[in-house]
>>> print(open('work_9.txt').read())   # compact mmCIF, C-alpha atoms (C1' of nucleotides)
# COMPACT_ATOMS: atom_id res chain seq x y z
CA MET A 29 -24.51 -2.43 1.39
CA LYS A 30 -24.81 -5.84 3.02
CA GLN A 31 -23.58 -5.98 6.57
CA ASP A 32 -20.87 -8.59 6.12
CA LEU A 33 -19.46 -6.86 3.04
CA LYS A 34 -19.50 -3.59 4.93
CA LYS A 35 -17.40 -5.05 7.73
CA LEU A 36 -14.97 -6.64 5.29
CA TYR A 37 -14.36 -3.41 3.43
CA ALA A 38 -14.25 -1.36 6.62
CA ALA A 39 -11.44 -3.54 7.93
CA GLN A 40 -9.50 -3.22 4.68
CA ALA A 41 -10.13 0.52 4.50
CA ALA A 42 -8.76 0.98 8.01
CA VAL A 43 -5.42 -0.52 6.97
CA ILE A 44 -5.29 1.38 3.71
CA LYS A 45 -6.18 4.61 5.49
CA ALA A 46 -3.23 4.14 7.80
CA MET A 47 -1.00 4.02 4.72
CA ALA A 48 -2.60 7.05 3.10
CA HIS A 49 -0.23 9.74 4.35
CA PRO A 50 3.05 10.95 2.85
CA THR A 51 4.97 10.72 6.10
CA ARG A 52 3.65 7.27 6.87
CA LEU A 53 4.56 6.07 3.39
CA LEU A 54 8.06 7.37 3.96
CA ILE A 55 8.23 5.54 7.27
CA LEU A 56 6.97 2.29 5.75
CA ASN A 57 9.52 2.51 2.96
CA ALA A 58 12.30 3.20 5.45
CA LEU A 59 11.26 0.20 7.52
CA LYS A 60 11.20 -1.95 4.42
CA LYS A 61 14.95 -1.45 4.17
CA LYS A 62 15.67 -2.07 7.84
CA GLU A 63 14.40 -1.96 11.40
CA THR A 64 14.71 1.66 12.52
CA CYS A 65 14.44 3.57 15.79
CA VAL A 66 12.11 6.54 16.27
CA CYS A 67 14.83 9.15 16.46
CA GLU A 68 16.31 8.03 13.15
CA LEU A 69 12.87 8.16 11.55
CA ARG A 70 12.41 11.65 12.93
CA ASP A 71 15.62 12.71 11.19
CA GLN A 72 14.41 11.29 7.89
CA VAL A 73 10.95 12.79 8.22
CA GLY A 74 11.95 16.16 9.61
CA ASP A 75 8.83 16.70 11.72
CA ASP A 76 8.54 17.03 15.48
CA ILE A 77 9.23 13.74 17.22
CA SER A 78 5.79 13.74 18.78
CA THR A 79 4.31 13.92 15.31
CA VAL A 80 6.41 10.99 14.15
CA SER A 81 5.43 9.05 17.24
CA LYS A 82 1.77 9.60 16.50
CA HIS A 83 2.21 8.40 12.95
CA LEU A 84 3.88 5.26 14.30
CA LEU A 85 0.92 4.72 16.60
CA VAL A 86 -1.42 4.88 13.64
CA LEU A 87 0.68 2.32 11.79
CA LYS A 88 0.91 0.09 14.87
CA ASN A 89 -2.84 0.18 15.47
CA ALA A 90 -3.38 -0.82 11.87
CA GLY A 91 -1.09 -3.81 12.34
CA LEU A 92 1.43 -2.53 9.82
CA VAL A 93 4.41 -2.16 12.16
CA ALA A 94 5.64 -3.56 15.46
CA ALA A 95 8.25 -2.38 17.94
CA ARG A 96 11.09 -4.00 19.82
CA ARG A 97 12.87 -2.31 22.71
CA GLU A 98 16.64 -2.32 22.98
CA GLY A 99 17.86 -0.24 25.89
CA ASN A 100 16.47 3.24 25.50
CA TRP A 101 15.62 2.75 21.84
CA LEU A 102 12.48 1.39 20.28
CA HIS A 103 13.12 -0.29 16.96
CA TYR A 104 10.17 -0.43 14.61
CA ARG A 105 9.79 -2.96 11.83
CA LEU A 106 7.34 -3.78 9.02
CA THR A 107 5.06 -6.67 9.91
CA CYS A 108 3.92 -7.33 6.32
CA PRO A 109 6.41 -6.10 3.71
CA CYS A 110 3.94 -7.11 1.00
CA VAL A 111 1.96 -3.93 1.66
CA LEU A 112 4.50 -2.02 -0.40
CA ASP A 113 4.35 -4.37 -3.37
CA PHE A 114 1.71 -2.34 -5.14
CA THR A 115 3.72 0.87 -5.08
CA ASP A 116 4.59 0.54 -8.76
CA CYS A 117 0.93 0.25 -9.67
CA ILE A 118 0.08 3.29 -7.54
CA LYS A 119 2.84 5.31 -9.18
CA GLY A 120 1.26 4.46 -12.51
CA VAL A 121 -2.07 5.86 -11.36
CA ALA A 122 -0.51 8.92 -9.74
CA LYS A 123 1.45 10.09 -12.79
CA MET B 10 11.98 15.15 4.48
CA LYS B 11 13.66 16.02 1.20
CA GLN B 12 11.46 17.95 -1.15
CA ASP B 13 11.47 15.48 -4.04
CA LEU B 14 10.74 12.55 -1.77
CA LYS B 15 7.95 14.53 -0.18
CA LYS B 16 6.31 15.12 -3.54
CA LEU B 17 6.69 11.49 -4.56
CA TYR B 18 5.05 10.19 -1.41
CA ALA B 19 2.38 12.90 -1.46
CA ALA B 20 1.33 11.78 -4.95
CA GLN B 21 1.17 8.15 -3.89
CA ALA B 22 -0.65 8.99 -0.68
CA ALA B 23 -3.29 10.91 -2.62
CA VAL B 24 -4.14 7.79 -4.63
CA ILE B 25 -4.09 5.50 -1.61
CA LYS B 26 -6.24 7.95 0.34
CA ALA B 27 -8.86 7.80 -2.38
CA MET B 28 -9.01 4.04 -1.87
CA ALA B 29 -9.17 4.30 1.92
CA HIS B 30 -12.94 4.20 2.38
CA PRO B 31 -15.26 1.19 2.70
CA THR B 32 -17.73 2.47 0.13
CA ARG B 33 -15.01 3.34 -2.35
CA LEU B 34 -13.43 -0.09 -1.93
CA LEU B 35 -16.81 -1.63 -2.66
CA ILE B 36 -17.14 0.50 -5.77
CA LEU B 37 -13.66 -0.39 -6.99
CA ASN B 38 -14.36 -4.08 -6.50
CA ALA B 39 -17.66 -3.80 -8.32
CA LEU B 40 -15.94 -2.04 -11.22
CA LYS B 41 -13.29 -4.73 -11.31
CA LYS B 42 -15.99 -7.17 -12.37
CA LYS B 43 -17.60 -4.90 -14.94
CA GLU B 44 -18.26 -1.37 -16.08
CA THR B 45 -21.18 -0.11 -13.99
CA CYS B 46 -23.55 2.87 -14.03
CA VAL B 47 -24.03 5.17 -11.04
CA CYS B 48 -27.56 4.04 -10.24
CA GLU B 49 -26.49 0.41 -10.09
CA LEU B 50 -23.63 1.34 -7.78
CA ARG B 51 -26.06 3.25 -5.59
CA ASP B 52 -28.16 0.09 -5.26
CA GLN B 53 -25.12 -1.92 -4.23
CA VAL B 54 -23.87 0.71 -1.81
CA GLY B 55 -27.23 1.71 -0.34
CA ASP B 56 -26.32 5.36 0.33
CA ASP B 57 -27.88 8.49 -1.13
CA ILE B 58 -27.01 8.87 -4.80
CA SER B 59 -25.34 12.22 -4.15
CA THR B 60 -23.04 10.49 -1.69
CA VAL B 61 -22.15 7.82 -4.23
CA SER B 62 -21.52 10.51 -6.82
CA LYS B 63 -19.09 12.25 -4.48
CA HIS B 64 -17.22 9.04 -3.89
CA LEU B 65 -16.94 8.57 -7.65
CA LEU B 66 -15.57 12.09 -7.96
CA VAL B 67 -12.90 11.28 -5.41
CA LEU B 68 -11.95 8.16 -7.34
CA LYS B 69 -11.97 10.02 -10.65
CA ASN B 70 -9.78 12.83 -9.33
CA ALA B 71 -7.31 10.22 -8.11
CA GLY B 72 -7.19 8.69 -11.57
CA LEU B 73 -8.63 5.39 -10.39
CA VAL B 74 -11.79 5.40 -12.50
CA ALA B 75 -13.10 6.94 -15.71
CA ALA B 76 -16.59 7.40 -17.11
CA ARG B 77 -18.25 6.78 -20.46
CA ARG B 78 -21.67 8.17 -21.32
CA GLU B 79 -24.30 6.03 -23.00
CA GLY B 80 -27.61 7.82 -23.34
CA ASN B 81 -28.66 8.98 -19.92
CA TRP B 82 -26.30 6.63 -18.13
CA LEU B 83 -22.71 7.16 -17.13
CA HIS B 84 -20.74 3.94 -17.04
CA TYR B 85 -17.72 3.97 -14.77
CA ARG B 86 -14.76 1.67 -15.16
CA LEU B 87 -11.47 0.90 -13.39
CA THR B 88 -8.52 2.55 -15.09
CA CYS B 89 -5.87 0.40 -13.36
CA PRO B 90 -7.22 -2.94 -12.15
CA CYS B 91 -3.85 -3.66 -10.56
CA VAL B 92 -4.77 -1.41 -7.63
CA LEU B 93 -6.82 -4.27 -6.20
CA ASP B 94 -4.02 -6.83 -6.46
CA PHE B 95 -2.80 -6.20 -2.95
CA THR B 96 -6.17 -6.89 -1.35
CA ASP B 97 -5.03 -10.30 -0.12
CA CYS B 98 -2.05 -8.76 1.59
CA ILE B 99 -4.23 -6.12 3.22
CA LYS B 100 -6.66 -8.77 4.44
CA GLY B 101 -3.71 -10.46 6.09
CA VAL B 102 -2.84 -7.27 7.96
CA ALA B 103 -6.45 -6.52 8.84
CA LYS B 104 -7.21 -9.89 10.48
C1' DC C 3 16.60 7.28 45.53
C1' DT C 4 17.81 10.91 41.33
C1' DT C 5 18.99 11.94 36.71
C1' DC C 6 19.21 11.32 31.87
C1' DT C 7 17.42 9.89 27.34
C1' DA C 8 13.99 8.12 24.13
C1' DT C 9 9.41 8.04 23.38
C1' DT C 10 4.49 8.74 24.22
C1' DT C 11 0.46 11.37 25.61
C1' DG C 12 -2.56 15.45 26.26
C1' DG C 13 -4.14 19.85 24.87
C1' DC C 14 -5.03 23.01 21.49
C1' DT C 15 -6.24 24.80 16.71
C1' DA C 16 -6.92 24.63 11.83
C1' DT C 17 -8.33 21.83 8.15
C1' DT C 18 -10.57 18.00 5.89
C1' DT C 19 -14.13 14.58 5.43
C1' DG C 20 -18.68 12.09 4.83
C1' DG C 21 -23.35 12.19 4.82
C1' DC C 22 -28.01 13.92 3.53
C1' DA C 23 -31.23 17.04 1.25
C1' DA C 24 -32.20 20.51 -2.06
C1' DA C 25 -31.04 22.77 -6.19
C1' DA C 26 -28.65 22.68 -10.59
C1' DT C 27 -27.14 20.46 -14.87
C1' DA C 28 -26.69 17.44 -19.08
C1' DG C 29 -28.56 14.99 -22.49
C1' DA C 30 -32.64 12.26 -24.46
C1' DA C 31 -37.10 12.57 -26.16
C1' DG C 32 -41.62 14.44 -27.01
C1' DC D 2 -39.41 24.95 -26.88
C1' DT D 3 -40.81 21.60 -22.47
C1' DT D 4 -40.35 17.47 -19.89
C1' DC D 5 -38.14 13.52 -18.05
C1' DT D 6 -34.23 10.94 -16.14
C1' DA D 7 -29.53 10.29 -14.51
C1' DT D 8 -26.12 12.54 -12.34
C1' DT D 9 -23.57 16.33 -10.23
C1' DT D 10 -23.09 20.35 -7.32
C1' DT D 11 -23.97 23.20 -3.29
C1' DG D 12 -24.87 24.03 1.48
C1' DC D 13 -24.69 22.64 5.86
C1' DC D 14 -22.92 20.19 10.08
C1' DA D 15 -20.69 16.71 12.95
C1' DA D 16 -16.69 14.06 13.33
C1' DA D 17 -11.98 12.93 12.34
C1' DT D 18 -7.17 14.42 11.30
C1' DA D 19 -2.44 16.53 11.49
C1' DG D 20 0.63 19.39 13.47
C1' DC D 21 3.15 21.73 17.26
C1' DC D 22 4.31 22.41 22.15
C1' DA D 23 4.40 21.04 26.85
C1' DA D 24 3.94 17.53 30.17
C1' DA D 25 4.19 12.67 31.36
C1' DT D 26 6.26 8.10 31.15
C1' DA D 27 9.54 4.07 30.76
C1' DG D 28 13.71 2.19 31.30
C1' DA D 29 18.96 2.75 31.89
C1' DA D 30 22.43 4.26 34.79
C1' DG D 31 24.66 6.72 38.46
>>> encode(input="work_9.txt", output="structure tokens")
Amino acid sequence: MKQDLKKLYAAQAAVIKAMAHPTRLLILNALKKKETCVCELRDQVGDDISTVSKHLLVLKNAGLVAARREGNWLHYRLTCPCVLDFTDCIKGVAK
Amino acid sequence: MKQDLKKLYAAQAAVIKAMAHPTRLLILNALKKKETCVCELRDQVGDDISTVSKHLLVLKNAGLVAARREGNWLHYRLTCPCVLDFTDCIKGVAK
DNA sequence: CTTCTATTTGGCTATTTGGCAAAATAGAAG
DNA sequence: CTTCTATTTTGCCAAATAGCCAAATAGAAG
């Protein structure tokens, strides 16, 4: 594989990989509806809060979400809502 | 997480996970242009042919590609070209 | 300062993944 | 049948991942 192509696809794969987890898909879909704090996401996900926090770190490192502090709460939001546009296509493949 | 939601997102995540690898993205993009045999994909990818074959298995199990035999060659093709429609959006996140 | 609350980080373990090389297989052709 | 070619499968190992719990941190508030 040529070096420049390799880099291009590696960068894309890193983002896609961050999306490739059930919990993280749930989080992204929740954030699509509205900015949400970690504790509310934990309630929706049902896992330990440290687990949810780590998933959010993965999404943040990929550039998919960003946080805003308000008092004690951190509100996360989707940076690029378009990343969920292909969900219908994926459902078609998954069926 | 509710059980039905969990299943829904797990199914989607399985497909997305199959896409989340530089080599597999290269393969999908090659197949978008035209049906391609394994040995030609190996040339484009540059890895061992057994490695390429495994990647194709991953993509096949996810429902993203299908194969057609013609003599000694197996020609792979994209089952749902729409899965590459969001590449532009992903590039925007990845930058 | 101390305390409280929301969140992150570190440590640990079990599981999955990606790559190569060698062996196995499927079908074409002699 | 045997041989040849394209592809898949198996075995192995190093690295990455996900989950929980406990400990650490950041900022608000007394």
>>> closest_atom_pairs(input="work_9.txt", of="stretch 32-103 of chain B", to="stretch 89-103 of chain A", cutoff="12 Å", atoms="all atoms listed in the file", output="JSON lines")
{"residue": "B:Cys98", "atom": "CA", "partner": "A:Leu92", "partner_atom": "CA", "distance": 10.9}
{"residue": "B:Ile99", "atom": "CA", "partner": "A:Leu92", "partner_atom": "CA", "distance": 9.4}
{"residue": "B:Lys100", "atom": "CA", "partner": "A:Gly91", "partner_atom": "CA", "distance": 10.9}
{"residue": "B:Gly101", "atom": "CA", "partner": "A:Gly91", "partner_atom": "CA", "distance": 9.5}
{"residue": "B:Val102", "atom": "CA", "partner": "A:Gly91", "partner_atom": "CA", "distance": 5.8}
{"residue": "B:Ala103", "atom": "CA", "partner": "A:Gly91", "partner_atom": "CA", "distance": 7.0}
>>> atom_distance(input="work_9.txt", atom1="atom CA of B:Asp56", atom2="atom CA of B:Ala39")
15.3 Å
>>> atom_distance(input="work_9.txt", atom1="atom CA of B:Lys42", atom2="atom CA of B:Lys104")
24.6 Å
>>> axis_aligned_box(input="work_9.txt", around="stretch 13-32 of chain C", padding_each_side="5 Å", output="lines of an AutoDock Vina configuration file")
center_x = -22.9
center_y = 18.4
center_z = -1.1
size_x = 47.5
size_y = 22.7
size_z = 61.9
>>> closest_residue(input="work_9.txt", among="A:Val66, A:Thr51, A:Lys60, A:Ser78", to="D:DA23", atoms="only C-alpha atoms (C1' of nucleotides)")
A:Ser78
>>> closest_residue(input="work_9.txt", among="A:Asp76, A:Ile44, A:Glu63, A:Thr115", to="chain D", atoms="all atoms listed in the file")
A:Asp76
>>> atom_distance(input="work_9.txt", atom1="atom C1' of D:DT26", atom2="atom CA of A:Lys82")
15.4 Å
>>> interface_residues(input="work_9.txt", of="chain B", to="chain A", cutoff="6 Å", atoms="all atoms listed in the file", output="list in words")
Met10, Tyr18, Ala19, Ala20, Ala22, Ile25, Lys26, Ala29, His30, Pro31, Gln53, Val54, Gly55, Gly72, Val102 and Ala103 of chain B
